[in-house]
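Raw contents of protein.pdb, PDB, C-alpha atoms:
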```pdb
ATOM      1  CA  MET A  15     -52.724 -42.863 -34.213
ATOM      2  CA  ASP A  16     -52.460 -42.646 -30.430
ATOM      3  CA  ARG A  17     -48.942 -41.340 -29.684
ATOM      4  CA  ARG A  18     -48.837 -43.306 -26.442
ATOM      5  CA  PHE A  19     -48.515 -46.460 -28.546
ATOM      6  CA  PRO A  20     -45.818 -45.936 -31.220
ATOM      7  CA  GLU A  21     -46.359 -47.782 -34.475
ATOM      8  CA  LYS A  22     -44.314 -50.960 -34.787
ATOM      9  CA  LYS A  23     -43.476 -52.115 -38.304
ATOM     10  CA  GLY A  24     -44.245 -55.725 -39.048
ATOM     11  CA  LEU A  25     -46.803 -56.144 -36.275
ATOM     12  CA  THR A  26     -49.809 -55.896 -38.599
ATOM     13  CA  GLY A  27     -50.933 -59.270 -39.777
ATOM     14  CA  LYS A  28     -49.264 -61.245 -37.003
ATOM     15  CA  LYS A  29     -51.239 -63.872 -35.167
ATOM     16  CA  LEU A  30     -51.669 -63.245 -31.454
ATOM     17  CA  SER A  31     -49.519 -66.293 -30.653
ATOM     18  CA  GLU A  32     -46.682 -64.845 -32.779
ATOM     19  CA  ILE A  33     -46.502 -61.550 -30.891
ATOM     20  CA  SER A  34     -43.722 -61.343 -28.307
ATOM     21  CA  PRO A  35     -43.763 -58.383 -25.889
ATOM     22  CA  GLU A  36     -40.210 -59.291 -24.856
ATOM     23  CA  ASN A  37     -39.025 -58.795 -28.437
ATOM     24  CA  GLY A  38     -40.542 -55.335 -28.595
ATOM     25  CA  ASP A  39     -43.461 -56.282 -30.823
ATOM     26  CA  LEU A  40     -45.737 -53.966 -28.859
ATOM     27  CA  GLY A  41     -43.474 -50.954 -29.287
ATOM     28  CA  VAL A  42     -43.647 -50.101 -25.586
ATOM     29  CA  ASP A  43     -42.614 -51.828 -22.392
ATOM     30  CA  LEU A  44     -45.042 -54.511 -21.257
ATOM     31  CA  GLN A  45     -45.958 -52.890 -17.956
ATOM     32  CA  SER A  46     -47.001 -49.597 -19.591
ATOM     33  CA  PHE A  47     -48.924 -51.443 -22.266
ATOM     34  CA  THR A  48     -50.849 -53.682 -19.883
ATOM     35  CA  HIS A  49     -51.633 -50.788 -17.564
ATOM     36  CA  ALA A  50     -53.164 -48.831 -20.446
ATOM     37  CA  VAL A  51     -55.027 -51.840 -21.826
ATOM     38  CA  SER A  52     -56.472 -52.849 -18.468
ATOM     39  CA  HIS A  53     -57.503 -49.281 -17.707
ATOM     40  CA  TYR A  54     -59.287 -48.613 -20.996
ATOM     41  CA  MET A  55     -60.791 -52.061 -21.590
ATOM     42  CA  LYS A  56     -62.092 -53.089 -18.182
ATOM     43  CA  ALA A  57     -65.027 -50.651 -18.352
ATOM     44  CA  PRO A  58     -66.404 -51.854 -21.724
ATOM     45  CA  ILE A  59     -65.875 -55.498 -20.767
ATOM     46  CA  THR A  60     -67.784 -54.929 -17.534
ATOM     47  CA  ALA A  61     -70.549 -53.271 -19.542
ATOM     48  CA  ILE A  62     -70.725 -56.195 -21.987
ATOM     49  CA  LEU A  63     -70.984 -58.695 -19.131
ATOM     50  CA  GLY A  64     -73.609 -56.550 -17.429
ATOM     51  CA  PHE A  65     -75.808 -56.209 -20.505
ATOM     52  CA  SER A  66     -75.495 -59.920 -21.350
ATOM     53  CA  SER A  67     -76.657 -60.682 -17.804
ATOM     54  CA  LEU A  68     -79.638 -58.372 -18.238
ATOM     55  CA  LEU A  69     -80.441 -60.055 -21.541
ATOM     56  CA  GLN A  70     -80.434 -63.443 -19.825
ATOM     57  CA  GLU A  71     -82.816 -62.118 -17.177
ATOM     58  CA  GLU A  72     -85.166 -60.838 -19.891
ATOM     59  CA  LEU A  73     -85.065 -64.227 -21.607
ATOM     60  CA  GLU A  74     -85.898 -65.984 -18.349
ATOM     61  CA  TYR A  75     -88.844 -63.614 -17.919
ATOM     62  CA  MET A  76     -90.060 -64.430 -21.433
ATOM     63  CA  GLU A  77     -89.788 -68.136 -20.691
ATOM     64  CA  ARG A  78     -91.864 -67.786 -17.549
ATOM     65  CA  THR A  79     -94.553 -65.592 -19.087
ATOM     66  CA  ILE A  80     -95.086 -65.872 -22.835
ATOM     67  CA  LYS A  81     -93.308 -69.238 -23.205
ATOM     68  CA  LYS A  82     -91.239 -68.254 -26.235
ATOM     69  CA  VAL A  83     -88.905 -71.180 -25.730
ATOM     70  CA  HIS A  84     -87.736 -71.336 -29.353
ATOM     71  CA  ILE A  85     -86.791 -67.650 -29.241
ATOM     72  CA  ARG A  86     -84.950 -68.121 -25.956
ATOM     73  CA  SER A  87     -82.928 -71.038 -27.297
ATOM     74  CA  ASN A  88     -81.495 -68.925 -30.130
ATOM     75  CA  ILE A  89     -81.018 -65.636 -28.317
ATOM     76  CA  GLY A  90     -79.827 -67.403 -25.177
ATOM     77  CA  HIS A  91     -77.076 -69.130 -27.152
ATOM     78  CA  TYR A  92     -75.817 -65.818 -28.556
ATOM     79  CA  SER A  93     -76.001 -64.177 -25.142
ATOM     80  CA  ASP A  94     -73.962 -66.993 -23.601
ATOM     81  CA  ARG A  95     -71.302 -66.671 -26.297
ATOM     82  CA  ILE A  96     -71.068 -62.910 -25.728
ATOM     83  CA  ALA A  97     -70.538 -63.444 -21.996
ATOM     84  CA  GLU A  98     -68.035 -66.291 -22.504
ATOM     85  CA  ASN A  99     -65.876 -64.261 -24.878
ATOM     86  CA  ALA A 100     -66.015 -61.185 -22.654
ATOM     87  CA  ARG A 101     -64.868 -63.268 -19.672
ATOM     88  CA  LEU A 102     -62.055 -64.745 -21.785
ATOM     89  CA  LEU A 103     -60.884 -61.269 -22.782
ATOM     90  CA  GLU A 104     -61.096 -60.152 -19.151
ATOM     91  CA  LYS A 105     -59.000 -63.146 -18.076
ATOM     92  CA  MET A 106     -56.424 -62.424 -20.775
ATOM     93  CA  ILE A 107     -56.064 -58.828 -19.606
ATOM     94  CA  ASN A 108     -55.718 -59.946 -15.988
ATOM     95  CA  ASP A 109     -53.034 -62.448 -17.033
ATOM     96  CA  LEU A 110     -51.098 -59.741 -18.878
ATOM     97  CA  VAL A 111     -51.255 -57.465 -15.847
ATOM     98  CA  PHE A 112     -49.986 -60.348 -13.699
ATOM     99  CA  ILE A 113     -47.096 -60.956 -16.129
ATOM    100  CA  SER A 114     -46.119 -57.289 -16.198
ATOM    101  CA  ARG A 115     -45.911 -57.193 -12.387
ATOM    102  CA  LEU A 116     -44.075 -60.487 -12.028
ATOM    103  CA  LYS A 117     -40.727 -60.095 -10.263
ATOM    104  CA  LYS A 118     -38.084 -62.400  -8.854
ATOM    105  CA  GLY A 119     -38.716 -63.412  -5.266
ATOM    106  CA  LYS A 120     -36.358 -64.534  -2.525
ATOM    107  CA  ALA A 121     -34.567 -67.717  -3.493
ATOM    108  CA  GLU A 122     -34.351 -70.063  -0.526
ATOM    109  CA  PRO A 123     -34.551 -73.851  -0.030
ATOM    110  CA  VAL A 124     -38.191 -74.961  -0.191
ATOM    111  CA  LYS A 125     -39.457 -78.455   0.626
ATOM    112  CA  ILE A 126     -41.212 -79.275  -2.611
ATOM    113  CA  GLU A 127     -43.305 -82.089  -1.073
ATOM    114  CA  GLU A 128     -45.011 -79.528   1.184
ATOM    115  CA  VAL A 129     -45.807 -77.285  -1.766
ATOM    116  CA  CYS A 130     -47.104 -80.300  -3.718
ATOM    117  CA  ARG A 131     -49.438 -81.163  -0.860
ATOM    118  CA  ASP A 132     -50.813 -77.605  -0.751
ATOM    119  CA  VAL A 133     -51.360 -77.493  -4.517
ATOM    120  CA  ILE A 134     -52.972 -80.946  -4.640
ATOM    121  CA  ASN A 135     -55.380 -79.947  -1.863
ATOM    122  CA  SER A 136     -56.325 -76.747  -3.704
ATOM    123  CA  LEU A 137     -56.995 -78.715  -6.915
ATOM    124  CA  GLY A 138     -58.844 -81.527  -5.152
ATOM    125  CA  ASN A 139     -62.132 -80.990  -6.989
ATOM    126  CA  LEU A 140     -60.424 -81.211 -10.389
ATOM    127  CA  PHE A 141     -58.748 -84.491  -9.452
ATOM    128  CA  HIS A 142     -62.043 -85.836  -8.144
ATOM    129  CA  LYS A 143     -64.074 -84.931 -11.251
ATOM    130  CA  LYS A 144     -61.884 -87.104 -13.480
ATOM    131  CA  ASN A 145     -61.029 -89.673 -10.806
ATOM    132  CA  ILE A 146     -57.331 -88.940 -11.262
ATOM    133  CA  SER A 147     -54.807 -90.068  -8.675
ATOM    134  CA  VAL A 148     -51.503 -88.332  -7.949
ATOM    135  CA  GLU A 149     -48.251 -89.786  -6.697
ATOM    136  CA  VAL A 150     -45.538 -87.652  -5.106
ATOM    137  CA  GLU A 151     -42.016 -88.982  -4.716
ATOM    138  CA  LYS A 152     -40.689 -88.797  -1.166
ATOM    139  CA  ASP A 153     -37.476 -87.123   0.002
ATOM    140  CA  MET A 154     -37.000 -84.923  -3.037
ATOM    141  CA  PRO A 155     -34.233 -82.330  -2.636
ATOM    142  CA  PRO A 156     -35.407 -78.817  -1.720
ATOM    143  CA  ALA A 157     -35.943 -76.372  -4.575
ATOM    144  CA  LEU A 158     -33.977 -73.120  -4.436
ATOM    145  CA  ALA A 159     -36.719 -70.659  -5.334
ATOM    146  CA  ASP A 160     -39.447 -68.457  -3.899
ATOM    147  CA  ARG A 161     -42.136 -70.608  -2.250
ATOM    148  CA  GLU A 162     -45.043 -68.653  -3.758
ATOM    149  CA  HIS A 163     -43.501 -68.902  -7.218
ATOM    150  CA  LEU A 164     -42.932 -72.632  -6.785
ATOM    151  CA  HIS A 165     -46.584 -72.978  -5.784
ATOM    152  CA  HIS A 166     -47.615 -71.173  -8.985
ATOM    153  CA  ILE A 167     -45.395 -73.423 -11.126
ATOM    154  CA  LEU A 168     -46.787 -76.645  -9.680
ATOM    155  CA  SER A 169     -50.358 -75.350  -9.743
ATOM    156  CA  GLU A 170     -50.114 -74.538 -13.445
ATOM    157  CA  LEU A 171     -48.361 -77.786 -14.375
ATOM    158  CA  LEU A 172     -50.805 -79.933 -12.406
ATOM    159  CA  SER A 173     -53.821 -78.046 -13.772
ATOM    160  CA  ASN A 174     -52.587 -78.694 -17.307
ATOM    161  CA  ALA A 175     -51.868 -82.337 -16.511
ATOM    162  CA  ILE A 176     -55.411 -82.803 -15.193
ATOM    163  CA  LYS A 177     -56.940 -80.980 -18.157
ATOM    164  CA  PHE A 178     -55.298 -83.241 -20.723
ATOM    165  CA  SER A 179     -55.354 -86.491 -18.727
ATOM    166  CA  ARG A 180     -57.766 -89.320 -19.244
ATOM    167  CA  GLU A 181     -60.160 -90.340 -16.519
ATOM    168  CA  LYS A 182     -58.847 -92.774 -13.889
ATOM    169  CA  SER A 183     -55.246 -92.069 -14.851
ATOM    170  CA  THR A 184     -52.274 -91.131 -12.640
ATOM    171  CA  ILE A 185     -50.114 -88.022 -12.422
ATOM    172  CA  PHE A 186     -46.611 -88.415 -11.000
ATOM    173  CA  ILE A 187     -44.434 -85.721  -9.399
ATOM    174  CA  GLY A 188     -40.826 -86.644  -8.841
ATOM    175  CA  PHE A 189     -37.130 -85.862  -9.195
ATOM    176  CA  ASN A 190     -34.568 -87.418 -11.533
ATOM    177  CA  ASN A 191     -31.060 -86.454 -12.663
ATOM    178  CA  GLY A 192     -31.240 -82.978 -11.172
ATOM    179  CA  GLU A 193     -34.705 -82.173 -12.557
ATOM    180  CA  TYR A 194     -38.145 -82.038 -10.972
ATOM    181  CA  LEU A 195     -40.824 -83.544 -13.167
ATOM    182  CA  VAL A 196     -44.591 -83.683 -13.580
ATOM    183  CA  ARG A 197     -45.734 -86.624 -15.710
ATOM    184  CA  ASP A 198     -49.246 -87.412 -16.900
ATOM    185  CA  GLU A 199     -50.879 -90.180 -18.932
ATOM    186  CA  GLY A 200     -52.876 -87.865 -21.154
ATOM    187  CA  ILE A 201     -53.266 -87.157 -24.842
ATOM    188  CA  GLY A 202     -49.704 -85.887 -25.280
ATOM    189  CA  ILE A 203     -48.307 -83.193 -27.554
ATOM    190  CA  SER A 204     -47.251 -83.548 -31.175
ATOM    191  CA  GLY A 205     -43.695 -82.775 -32.229
ATOM    192  CA  GLU A 206     -44.874 -79.960 -34.505
ATOM    193  CA  ILE A 207     -46.032 -77.790 -31.617
ATOM    194  CA  ILE A 208     -44.016 -78.929 -28.601
ATOM    195  CA  ASN A 209     -41.494 -76.093 -29.061
ATOM    196  CA  ARG A 210     -44.297 -73.519 -29.078
ATOM    197  CA  VAL A 211     -46.055 -74.395 -25.833
ATOM    198  CA  PHE A 212     -44.065 -71.831 -23.829
ATOM    199  CA  THR A 213     -44.940 -69.027 -26.261
ATOM    200  CA  ILE A 214     -47.297 -66.382 -24.923
ATOM    201  CA  PHE A 215     -50.899 -66.720 -26.198
ATOM    202  CA  PHE A 216     -50.244 -70.151 -27.717
ATOM    203  CA  THR A 217     -52.785 -72.761 -26.644
ATOM    204  CA  THR A 218     -53.867 -76.224 -27.741
ATOM    205  CA  CYS A 219     -57.257 -75.831 -26.064
ATOM    206  CA  GLY A 220     -60.392 -75.632 -28.154
ATOM    207  CA  LYS A 221     -62.075 -72.356 -29.033
ATOM    208  CA  LYS A 222     -64.778 -72.934 -26.430
ATOM    209  CA  SER A 223     -62.294 -73.157 -23.551
ATOM    210  CA  MET A 224     -61.171 -70.356 -21.250
ATOM    211  CA  CYS A 225     -57.483 -70.872 -22.087
ATOM    212  CA  THR A 226     -55.538 -67.671 -22.703
ATOM    213  CA  GLY A 227     -52.230 -69.291 -23.619
ATOM    214  CA  THR A 228     -50.312 -67.492 -20.864
ATOM    215  CA  GLY A 229     -49.938 -70.261 -18.270
ATOM    216  CA  LEU A 230     -46.786 -72.026 -19.450
ATOM    217  CA  TYR A 231     -45.289 -68.709 -20.564
ATOM    218  CA  ILE A 232     -45.598 -67.508 -16.961
ATOM    219  CA  VAL A 233     -44.116 -70.769 -15.648
ATOM    220  CA  LYS A 234     -41.070 -70.432 -17.909
ATOM    221  CA  LYS A 235     -40.662 -66.774 -16.934
ATOM    222  CA  ILE A 236     -40.650 -67.703 -13.226
ATOM    223  CA  VAL A 237     -38.160 -70.553 -13.745
ATOM    224  CA  LYS A 238     -35.817 -68.215 -15.620
ATOM    225  CA  PHE A 239     -35.937 -65.720 -12.722
ATOM    226  CA  TYR A 240     -33.879 -68.247 -10.764
ATOM    227  CA  ASP A 241     -31.591 -69.160 -13.688
ATOM    228  CA  GLY A 242     -33.458 -72.427 -14.043
ATOM    229  CA  LYS A 243     -34.423 -74.514 -17.048
ATOM    230  CA  ILE A 244     -37.695 -76.071 -18.215
ATOM    231  CA  ARG A 245     -38.520 -78.487 -21.025
ATOM    232  CA  ILE A 246     -41.192 -80.939 -22.164
ATOM    233  CA  GLU A 247     -41.007 -84.474 -23.480
ATOM    234  CA  SER A 248     -44.129 -85.882 -25.076
ATOM    235  CA  MET A 249     -45.629 -87.993 -27.821
ATOM    236  CA  PRO A 250     -49.246 -88.058 -29.021
ATOM    237  CA  ASN A 251     -51.407 -90.416 -26.919
ATOM    238  CA  ARG A 252     -48.481 -91.223 -24.604
ATOM    239  CA  GLY A 253     -48.756 -88.427 -22.099
ATOM    240  CA  ALA A 254     -46.395 -85.564 -21.382
ATOM    241  CA  THR A 255     -43.619 -84.916 -18.878
ATOM    242  CA  VAL A 256     -42.539 -81.424 -17.886
ATOM    243  CA  PHE A 257     -39.032 -81.142 -16.433
ATOM    244  CA  PHE A 258     -37.769 -78.093 -14.560
ATOM    245  CA  SER A 259     -34.678 -77.382 -12.505
ATOM    246  CA  PHE A 260     -32.925 -74.693 -10.485
ATOM    247  CA  PRO A 261     -29.194 -74.256  -9.862
ATOM    248  CA  ALA A 262     -28.089 -75.921  -6.611
TER     249      ALA A 262
END
```
Could I get this structure in the form of structure tokens?
Amino acid sequence: MDRRFPEKKGLTGKKLSEISPENGDLGVDLQSFTHAVSHYMKAPITAILGFSSLLQEELEYMERTIKKVHIRSNIGHYSDRIAENARLLEKMINDLVFISRLKKGKAEPVKIEEVCRDVINSLGNLFHKKNISVEVEKDMPPALADREHLHHILSELLSNAIKFSREKSTIFIGFNNGEYLVRDEGIGISGEIINRVFTIFFTTCGKKSMCTGTGLYIVKKIVKFYDGKIRIESMPNRGATVFFSFPA
């Protein structure tokens, strides 16, 4: 066993979504763990992506020359899956590194409408693809947080809202009873899993997606930096509303 990673009883057999670095499941602090993982795994992941790219080039050459289309269809599928899973693993490692380096910023009053406008502009293509409109309440009170962190929160919440929204629906951003909210008209979340959505590595996306299950975990971590609170209300097929707040 590598002495840099002490054995942790009870870790074997756990699902990835049940592992909590904050509870010491990894046996080492998160920053040391992610540094080691990123250092030792980036090279083989890069190699996998490189070789899968070369394989695709060879398949394209076969298609152009000897016309082995039926061979390409099978091998091409496997090559695509190899590349997709390698990219997912790479994204997961990058997310863990981001989490390990995440620190509290300077809390100051931020005009949330301005941040909403920036985030909406950056996600414009996603809104356009599903013909989703977005409404932003005017004259919301400023949020006492770091502007960059607030941008990350809204970007993640809006990205999720778009992902699970139906076409030609509306997403609303507003403020009510001391809480900011992002509400969509999407597929909603069942009561059985709503308490797990902020758990690291937990995701409701399909296996073919590029979801790592770290997005809402990061959002909650940022909110807690500023002694804030975050929660979700949802029912299946009735959309979801994420509420978050910061002390005044």
Given all atoms listed in the file as the counted atoms, nearest of A:Leu73, A:Ile203, A:Leu140, A:Leu68 to Cys219 of chain A: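 When distances to Cys219 of chain A are compared using all atoms listed in the file, the smallest one comes from A:Ile203.
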Considering all atoms listed in the file, give me a table of residues in segment 77-135 of chain A that are at most 10 Å from segment 163-186 of chain A, with the closest atom pair and distance in Å for each, as a Markdown table.
```
| residue | atom | partner | partner_atom | distance |
| --- | --- | --- | --- | --- |
| A:Leu116 | CA | A:His163 | CA | 9.7 |
| A:Lys117 | CA | A:His163 | CA | 9.7 |
| A:Lys118 | CA | A:His163 | CA | 8.6 |
| A:Gly119 | CA | A:His163 | CA | 7.5 |
| A:Lys120 | CA | A:His163 | CA | 9.6 |
| A:Ala121 | CA | A:His163 | CA | 9.8 |
| A:Val124 | CA | A:Leu164 | CA | 8.4 |
| A:Ile126 | CA | A:Leu164 | CA | 8.0 |
| A:Glu128 | CA | A:His165 | CA | 9.7 |
| A:Val129 | CA | A:His165 | CA | 5.9 |
| A:Cys130 | CA | A:Leu168 | CA | 7.0 |
| A:Arg131 | CA | A:His165 | CA | 10.0 |
| A:Asp132 | CA | A:His165 | CA | 8.0 |
| A:Val133 | CA | A:Ser169 | CA | 5.7 |
| A:Ile134 | CA | A:Ser169 | CA | 8.0 |
```
Using only C-alpha atoms: which of A:His53, A:Arg197, A:Arg78, A:Arg95 has the shortest distance to Glu149 of chain A: A:Arg197
Atom-to-atom span, atom CA of Ser147 of chain A and atom CA of Phe257 of chain A, Å: 19.7 Å
Residues matched by the PyMOL selection byres ((chain A and resi 236-239) around 8), written as a PyMOL selection string: chain A and resi 117-118+163+167+232-235+240-244+258-260
Selection dump of the PyMOL selection byres ((chain A and resi 208) around 10), as JSON, numbers by chain: {"A": [202, 203, 204, 205, 206, 207, 209, 210, 211, 212, 245, 246, 247, 248, 249]}
Between atom CA of Ser66 of chain A and atom CA of Asn99 of chain A, distance in Å (one decimal):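 Taking atom CA of Ser66 of chain A as the start and atom CA of Asn99 of chain A as the end point, the length is 11.1 Å.
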Minimum-distance residue to Ser52 of chain A, chosen among A:Leu69, A:Ile107, A:Glu74, A:His91 (using all atoms listed in the file): A:Ile107
Between atom CA of Phe189 of chain A and atom CA of Glu122 of chain A - distance in Å to one decimal: 18.2 Å
Residue nearest Asp94 of chain A - candidates A:Glu71, A:Asp109, A:Asp160, A:Glu77, atoms counted: only C-alpha atoms: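 Comparing A:Glu71, A:Asp109, A:Asp160, A:Glu77 against Asp94 of chain A, the winner is A:Glu71.
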Listed atoms of segment 231-249 of chain A, axis-aligned box, 4 Å per side: centre and edge lengths to one decimal in Å, as JSON?
```
{"center_x": -38.6, "center_y": -76.9, "center_z": -19.3, "size_x": 22.0, "size_y": 30.3, "size_z": 25.1}
```
Please, could N, CA and C atoms be added to segment 97-113 of chain A and the result written as a PDB file, in the coordinates of the input?
```pdb
ATOM      1  N   ALA A  97     -71.069 -63.442 -23.361  1.00  0.00           N
ATOM      2  CA  ALA A  97     -70.538 -63.444 -21.996  1.00  0.00           C
ATOM      3  C   ALA A  97     -69.255 -64.264 -21.900  1.00  0.00           C
ATOM      4  N   GLU A  98     -69.219 -65.427 -22.549  1.00  0.00           N
ATOM      5  CA  GLU A  98     -68.035 -66.291 -22.504  1.00  0.00           C
ATOM      6  C   GLU A  98     -66.818 -65.584 -23.095  1.00  0.00           C
ATOM      7  N   ASN A  99     -66.999 -64.927 -24.233  1.00  0.00           N
ATOM      8  CA  ASN A  99     -65.876 -64.261 -24.878  1.00  0.00           C
ATOM      9  C   ASN A  99     -65.434 -63.023 -24.101  1.00  0.00           C
ATOM     10  N   ALA A 100     -66.375 -62.335 -23.477  1.00  0.00           N
ATOM     11  CA  ALA A 100     -66.015 -61.185 -22.654  1.00  0.00           C
ATOM     12  C   ALA A 100     -65.212 -61.631 -21.434  1.00  0.00           C
ATOM     13  N   ARG A 101     -65.618 -62.744 -20.826  1.00  0.00           N
ATOM     14  CA  ARG A 101     -64.868 -63.268 -19.672  1.00  0.00           C
ATOM     15  C   ARG A 101     -63.472 -63.731 -20.085  1.00  0.00           C
ATOM     16  N   LEU A 102     -63.358 -64.319 -21.292  1.00  0.00           N
ATOM     17  CA  LEU A 102     -62.055 -64.745 -21.785  1.00  0.00           C
ATOM     18  C   LEU A 102     -61.137 -63.540 -21.985  1.00  0.00           C
ATOM     19  N   LEU A 103     -61.667 -62.481 -22.569  1.00  0.00           N
ATOM     20  CA  LEU A 103     -60.884 -61.269 -22.782  1.00  0.00           C
ATOM     21  C   LEU A 103     -60.482 -60.652 -21.441  1.00  0.00           C
ATOM     22  N   GLU A 104     -61.391 -60.669 -20.484  1.00  0.00           N
ATOM     23  CA  GLU A 104     -61.096 -60.152 -19.151  1.00  0.00           C
ATOM     24  C   GLU A 104     -59.973 -60.963 -18.498  1.00  0.00           C
ATOM     25  N   LYS A 105     -60.036 -62.279 -18.646  1.00  0.00           N
ATOM     26  CA  LYS A 105     -59.000 -63.146 -18.076  1.00  0.00           C
ATOM     27  C   LYS A 105     -57.651 -62.896 -18.748  1.00  0.00           C
ATOM     28  N   MET A 106     -57.663 -62.685 -20.056  1.00  0.00           N
ATOM     29  CA  MET A 106     -56.424 -62.424 -20.775  1.00  0.00           C
ATOM     30  C   MET A 106     -55.777 -61.127 -20.296  1.00  0.00           C
ATOM     31  N   ILE A 107     -56.581 -60.107 -20.101  1.00  0.00           N
ATOM     32  CA  ILE A 107     -56.064 -58.828 -19.606  1.00  0.00           C
ATOM     33  C   ILE A 107     -55.492 -58.991 -18.207  1.00  0.00           C
ATOM     34  N   ASN A 108     -56.210 -59.708 -17.345  1.00  0.00           N
ATOM     35  CA  ASN A 108     -55.718 -59.946 -15.988  1.00  0.00           C
ATOM     36  C   ASN A 108     -54.397 -60.718 -15.999  1.00  0.00           C
ATOM     37  N   ASP A 109     -54.276 -61.683 -16.927  1.00  0.00           N
ATOM     38  CA  ASP A 109     -53.034 -62.448 -17.033  1.00  0.00           C
ATOM     39  C   ASP A 109     -51.880 -61.552 -17.477  1.00  0.00           C
ATOM     40  N   LEU A 110     -52.143 -60.657 -18.412  1.00  0.00           N
ATOM     41  CA  LEU A 110     -51.098 -59.741 -18.878  1.00  0.00           C
ATOM     42  C   LEU A 110     -50.647 -58.802 -17.767  1.00  0.00           C
ATOM     43  N   VAL A 111     -51.601 -58.334 -16.986  1.00  0.00           N
ATOM     44  CA  VAL A 111     -51.255 -57.465 -15.847  1.00  0.00           C
ATOM     45  C   VAL A 111     -50.392 -58.246 -14.860  1.00  0.00           C
ATOM     46  N   PHE A 112     -50.767 -59.502 -14.606  1.00  0.00           N
ATOM     47  CA  PHE A 112     -49.986 -60.348 -13.699  1.00  0.00           C
ATOM     48  C   PHE A 112     -48.563 -60.519 -14.223  1.00  0.00           C
ATOM     49  N   ILE A 113     -48.417 -60.775 -15.526  1.00  0.00           N
ATOM     50  CA  ILE A 113     -47.096 -60.956 -16.129  1.00  0.00           C
ATOM     51  C   ILE A 113     -46.257 -59.694 -15.988  1.00  0.00           C
TER      52      ILE A 113
END
```
